[in-house]
Amino acid sequence: MDARETVESMLRPDLRGRTAYGAPQLDVPVALNTNENSYPVPDDVVASITRAVEEAARGLNRYPDREFTRLREALAGYLARAGAPIAPEQVWAGNGSNEVLLHLLQAFGGPGRTALGFTPAYSMHPIITTTTGTRWVDGARGVDGPGAFDLTAASAVAQVREHRPDVVFLCSPNNPTGTALGLDVVEAVHDAGEALVVVDEAYAEFARPGTPSALTLLAGRPRLVVTRTMSKAFALAGGRLGYLAADPAVADALRLVRMPYHLSTPTQAVALAALSHADRMLDTVDVVKDQRDRIVGGLAALGLHPVPSDANFVLFGGLEDSRSTWQDLLDRGVLVRDVGIPHYLRVTAGTPEETTAFLDALSALVTSTA
Ligand code: PMP
């Protein structure tokens, strides 16, 4: 046996033969594949972050504040802007919202339990679920909706009743399709069973007007959780800070599974400094939304089929061979995402220059194959 086989033979049986999450990290002129914010952190915020980290460095001989109290206060203050009063006790955070989701599955999933999601949705939901020994049920979107990727309340409720999951994932706006869910769907899914309902709102800040957050439903619903991240609109993907709002009892339960001191002192300092400049950090959201809408228009003009988007990316169909279009775009220096849906690709909305580069490269391809 070679080393690989030896390791494979020791591996948990349910992990054998699996492939790891793998969005390519390539050095390309135009990287539009992981839904980051293309704009760098503004200079004045960089200065604040640097000062905060320098201050924090002196205390690195001590463990960080295990309760990240100031950070929870700042995050609660930020969420209150979404129209729902959130108390610091309702907030939990982790190293990216992926870790927050992991905490949820560690606490509320596990062997003998089931989580249901509506595919296509965020590819890490099933991965996080199954790494905790929880059974994943691949529910479907577009069963009875007018659009291929819509999720209606009736369809979601029927699937919840059929599978009786312990945890339900809703993703709004949904990655990779881009569309947000109406609160009627969230309420209906919540009321359809006894599950913990996790609404992943990683892209909430990009939603089109009239798309209320599930944060407004939290009061009186201890089985509802809303997850958010600083990685997208907040332009802080490298800072690794994700969070959730829920009933304080949920946050308490997560203390049972988190590693002590999981949020390092520098992580807390960086996130706090960035949050103290929330308006500056969110300055680019409107520009990005304009680029998203420009991408939708540009793709339609090319005869392709963009899915309406409330996020900072656009899923588009109508491609004969999405794999070869992905490669052809990469050959022209534009990296987009092949999310594994035949005839579709996903592109992140970034700067106007990036949009132009993407649309120009694609139009050259579409014209050359027409
Ligand atoms: N949820 C969704 C829907 C996402 O698309 C992502 C990132 N691609 C995440 C959560 C995780 O982001 P992070 O861990 O950086 O907060």
# chains A, B, ... in the order shown; residues from 1 in each chain; ligands from 1
>>> select_by_dssp(residues="region 86-234 of chain A", states="helix (DSSP H, G or I)", output="mmCIF file with C-alpha atoms, in the first residue's frame")
data_model
loop_
_atom_site.group_PDB
_atom_site.id
_atom_site.type_symbol
_atom_site.label_atom_id
_atom_site.label_comp_id
_atom_site.auth_asym_id
_atom_site.auth_seq_id
_atom_site.Cartn_x
_atom_site.Cartn_y
_atom_site.Cartn_z
ATOM 1 C CA PRO A 88 -25.648 41.093 21.584
ATOM 2 C CA GLU A 89 -26.755 37.861 23.335
ATOM 3 C CA GLN A 90 -28.461 36.836 20.102
ATOM 4 C CA SER A 97 -19.886 31.877 8.239
ATOM 5 C CA ASN A 98 -18.758 28.399 7.220
ATOM 6 C CA GLU A 99 -17.528 27.883 10.772
ATOM 7 C CA VAL A 100 -20.780 29.247 12.160
ATOM 8 C CA LEU A 101 -22.665 26.727 9.995
ATOM 9 C CA LEU A 102 -20.334 23.998 11.269
ATOM 10 C CA HIS A 103 -21.125 24.954 14.873
ATOM 11 C CA LEU A 104 -24.840 24.739 14.084
ATOM 12 C CA LEU A 105 -24.499 21.265 12.574
ATOM 13 C CA GLN A 106 -22.269 20.080 15.417
ATOM 14 C CA ALA A 107 -24.875 21.187 17.922
ATOM 15 C CA PHE A 108 -28.130 20.389 16.120
ATOM 16 C CA MET A 124 -20.705 23.793 1.401
ATOM 17 C CA HIS A 125 -24.088 23.118 3.015
ATOM 18 C CA PRO A 126 -23.981 19.374 2.199
ATOM 19 C CA ILE A 127 -20.241 19.182 2.904
ATOM 20 C CA ILE A 128 -20.544 20.765 6.351
ATOM 21 C CA THR A 129 -23.585 18.614 7.056
ATOM 22 C CA THR A 130 -21.949 15.320 6.207
ATOM 23 C CA THR A 131 -18.641 16.092 7.938
ATOM 24 C CA ALA A 153 -43.551 27.808 -0.191
ATOM 25 C CA ALA A 154 -45.750 24.889 -1.305
ATOM 26 C CA SER A 155 -42.833 22.921 -2.752
ATOM 27 C CA ALA A 156 -40.546 23.599 0.216
ATOM 28 C CA VAL A 157 -43.252 22.661 2.735
ATOM 29 C CA ALA A 158 -44.025 19.417 0.893
ATOM 30 C CA GLN A 159 -40.342 18.466 0.978
ATOM 31 C CA VAL A 160 -40.038 19.305 4.692
ATOM 32 C CA ARG A 161 -43.139 17.180 5.447
ATOM 33 C CA GLU A 162 -41.766 14.308 3.382
ATOM 34 C CA HIS A 163 -38.272 14.207 4.911
ATOM 35 C CA LEU A 183 -40.404 35.719 3.837
ATOM 36 C CA ASP A 184 -43.549 33.675 3.195
ATOM 37 C CA VAL A 185 -41.299 30.744 2.196
ATOM 38 C CA VAL A 186 -39.187 31.100 5.353
ATOM 39 C CA GLU A 187 -42.279 31.271 7.558
ATOM 40 C CA ALA A 188 -43.933 28.322 5.820
ATOM 41 C CA VAL A 189 -40.813 26.134 6.127
ATOM 42 C CA HIS A 190 -40.476 27.096 9.777
ATOM 43 C CA ASP A 191 -44.092 26.235 10.510
ATOM 44 C CA ALA A 192 -44.035 22.973 8.497
ATOM 45 C CA ALA A 204 -28.226 39.994 1.953
ATOM 46 C CA GLU A 205 -26.683 43.448 1.529
ATOM 47 C CA PHE A 206 -26.884 43.130 -2.266
ATOM 48 C CA ALA A 214 -35.354 36.946 7.755
ATOM 49 C CA LEU A 215 -33.894 38.851 10.729
ATOM 50 C CA THR A 216 -37.320 40.489 10.931
ATOM 51 C CA LEU A 217 -38.863 37.071 11.688
#
>>> residues_around(residues="region 110-120 of chain A", least_positions_apart="3", cutoff="10 Å", atoms="only C-alpha atoms", output="PDB file with C-alpha atoms, in the first residue's frame")
ATOM      1  CA  LEU A 105     -24.499  21.265  12.574  1.00  0.00           C
ATOM      2  CA  GLN A 106     -22.269  20.080  15.417  1.00  0.00           C
ATOM      3  CA  ALA A 107     -24.875  21.187  17.922  1.00  0.00           C
ATOM      4  CA  SER A 123     -22.113  23.678  -2.136  1.00  0.00           C
ATOM      5  CA  HIS A 125     -24.088  23.118   3.015  1.00  0.00           C
ATOM      6  CA  PRO A 126     -23.981  19.374   2.199  1.00  0.00           C
ATOM      7  CA  THR A 129     -23.585  18.614   7.056  1.00  0.00           C
ATOM      8  CA  THR A 130     -21.949  15.320   6.207  1.00  0.00           C
ATOM      9  CA  THR A 131     -18.641  16.092   7.938  1.00  0.00           C
ATOM     10  CA  THR A 132     -20.626  16.206  11.169  1.00  0.00           C
ATOM     11  CA  GLY A 133     -22.105  12.761  10.501  1.00  0.00           C
ATOM     12  CA  THR A 134     -25.482  14.288   9.682  1.00  0.00           C
ATOM     13  CA  ARG A 135     -27.438  12.774   6.791  1.00  0.00           C
ATOM     14  CA  TRP A 136     -27.918  15.170   3.873  1.00  0.00           C
ATOM     15  CA  VAL A 137     -31.168  15.208   1.918  1.00  0.00           C
ATOM     16  CA  ASP A 138     -30.911  16.851  -1.460  1.00  0.00           C
ATOM     17  CA  GLY A 139     -34.195  18.702  -1.869  1.00  0.00           C
ATOM     18  CA  ALA A 140     -35.046  20.377  -5.138  1.00  0.00           C
ATOM     19  CA  ARG A 141     -35.782  23.871  -6.385  1.00  0.00           C
ATOM     20  CA  GLY A 142     -37.874  24.640  -9.420  1.00  0.00           C
ATOM     21  CA  PHE A 149     -34.621  27.727  -9.852  1.00  0.00           C
ATOM     22  CA  ASP A 150     -37.518  29.153  -7.893  1.00  0.00           C
ATOM     23  CA  LEU A 151     -38.454  27.678  -4.551  1.00  0.00           C
ATOM     24  CA  ALA A 156     -40.546  23.599   0.216  1.00  0.00           C
ATOM     25  CA  GLN A 159     -40.342  18.466   0.978  1.00  0.00           C
ATOM     26  CA  VAL A 160     -40.038  19.305   4.692  1.00  0.00           C
ATOM     27  CA  HIS A 163     -38.272  14.207   4.911  1.00  0.00           C
ATOM     28  CA  ARG A 164     -38.961  15.524   8.441  1.00  0.00           C
ATOM     29  CA  PRO A 165     -35.440  16.965   8.773  1.00  0.00           C
ATOM     30  CA  ASP A 166     -33.808  18.177  11.980  1.00  0.00           C
ATOM     31  CA  VAL A 167     -32.163  21.091  10.179  1.00  0.00           C
ATOM     32  CA  VAL A 168     -33.342  22.947   7.056  1.00  0.00           C
ATOM     33  CA  PHE A 169     -31.066  25.191   5.022  1.00  0.00           C
ATOM     34  CA  LEU A 170     -32.574  28.097   3.134  1.00  0.00           C
ATOM     35  CA  CYS A 171     -30.170  30.319   1.219  1.00  0.00           C
ATOM     36  CA  ASN A 174     -29.363  31.864  -3.059  1.00  0.00           C
ATOM     37  CA  ASN A 175     -25.883  30.908  -4.207  1.00  0.00           C
ATOM     38  CA  PRO A 176     -25.469  30.055  -7.104  1.00  0.00           C
ATOM     39  CA  THR A 177     -28.825  31.143  -8.546  1.00  0.00           C
ATOM     40  CA  ALA A 195     -36.564  21.663  12.443  1.00  0.00           C
ATOM     41  CA  LEU A 196     -33.982  24.317  13.121  1.00  0.00           C
ATOM     42  CA  VAL A 197     -34.313  26.578  10.071  1.00  0.00           C
ATOM     43  CA  VAL A 198     -31.050  28.193   8.987  1.00  0.00           C
ATOM     44  CA  VAL A 339     -20.988  25.385 -10.541  1.00  0.00           C
ATOM     45  CA  GLY A 340     -21.699  22.032 -12.155  1.00  0.00           C
ATOM     46  CA  ILE A 341     -25.065  22.935 -13.721  1.00  0.00           C
TER      47      ILE A 341
END
>>> residues_near_ligand(ligand="ligand 1", cutoff="6 Å", atoms="only C-alpha atoms and all ligand atoms", output="JSON, numbers by chain")
{"A": [96, 97, 98, 122, 175, 200, 202, 229, 231, 237, 240, 242]}
>>> closest_residue(among="A:Ser213, A:Ser9, A:Gln327, A:Thr367", to="Ala84 (chain A)", atoms="only C-alpha atoms")
A:Ser213
>>> select_by_dssp(residues="region 55-221 of chain A", states="strand (DSSP E)", output="PyMOL selection string")
chain A and resi 91-94+114-119+135-140+167-171+196-200
>>> residues_around(residues="Thr348 (chain A)", least_positions_apart="6", cutoff="6 Å", atoms="only C-alpha atoms", output="ChimeraX atom specification")
/A:32-33,35,312-313
>>> write_last_selection(atoms="C-alpha atoms", output="mmCIF file, in the first residue's frame")
data_model
loop_
_atom_site.group_PDB
_atom_site.id
_atom_site.type_symbol
_atom_site.label_atom_id
_atom_site.label_comp_id
_atom_site.auth_asym_id
_atom_site.auth_seq_id
_atom_site.Cartn_x
_atom_site.Cartn_y
_atom_site.Cartn_z
ATOM 1 C CA LEU A 32 -14.762 36.623 -10.811
ATOM 2 C CA ASN A 33 -15.250 33.169 -9.335
ATOM 3 C CA ASN A 35 -18.098 36.277 -5.057
ATOM 4 C CA ASN A 312 -23.172 40.118 -6.246
ATOM 5 C CA PHE A 313 -23.090 37.439 -8.919
#
>>> residues_around(residues="region 45-58 of chain A", least_positions_apart="3", cutoff="9 Å", atoms="only C-alpha atoms", output="ChimeraX atom specification")
/A:41-42,61,265-267,269-274,276-277,280-281
>>> residues_around(residues="Thr325 (chain A)", least_positions_apart="4", cutoff="9 Å", atoms="only C-alpha atoms", output="MDAnalysis selection string")
chainID A and resid 319:321 329:330 345 362 365
>>> write_last_selection(atoms="C-alpha atoms", output="PDB file, in the first residue's frame")
ATOM      1  CA  LEU A 319     -24.307  27.926 -23.165  1.00  0.00           C
ATOM      2  CA  GLU A 320     -23.794  24.986 -25.461  1.00  0.00           C
ATOM      3  CA  ASP A 321     -20.810  23.645 -23.524  1.00  0.00           C
ATOM      4  CA  LEU A 329     -12.838  32.680 -20.745  1.00  0.00           C
ATOM      5  CA  LEU A 330      -9.891  31.626 -18.595  1.00  0.00           C
ATOM      6  CA  LEU A 345     -21.822  29.434 -15.474  1.00  0.00           C
ATOM      7  CA  LEU A 362     -17.726  36.437 -23.672  1.00  0.00           C
ATOM      8  CA  LEU A 365     -16.599  33.825 -27.795  1.00  0.00           C
TER       9      LEU A 365
END
>>> closest_residue(among="A:Pro24, A:Pro212, A:Gly193, A:Gly239", to="Leu224 (chain A)", atoms="only C-alpha atoms")
A:Gly193
>>> closest_residue(among="A:Leu181, A:Ala23, A:Ala311, A:Ala82", to="Ala245 (chain A)", atoms="only C-alpha atoms")
A:Ala82
>>> atom_distance(atom1="CA of Ala20 (chain A)", atom2="CA of Val314 (chain A)")
24.1 Å
>>> residues_around(residues="region 37-39 of chain A", least_positions_apart="6", cutoff="6 Å", atoms="only C-alpha atoms", output="list of chain:residue names")
A:Lys232, A:Ala235, A:Gly350
>>> atom_distance(atom1="CA of Thr355 (chain A)", atom2="CA of Thr284 (chain A)")
14.5 Å
>>> atom_distance(atom1="CA of Ala87 (chain A)", atom2="CA of Arg62 (chain A)")
27.5 Å
>>> closest_residue(among="A:Asp27, A:Asp293, A:Glu67, A:Arg16", to="Leu335 (chain A)", atoms="only C-alpha atoms")
A:Asp27
>>> residues_around(residues="Pro29 (chain A)", least_positions_apart="3", cutoff="9 Å", atoms="only C-alpha atoms", output="ChimeraX atom specification")
/A:333-335,354
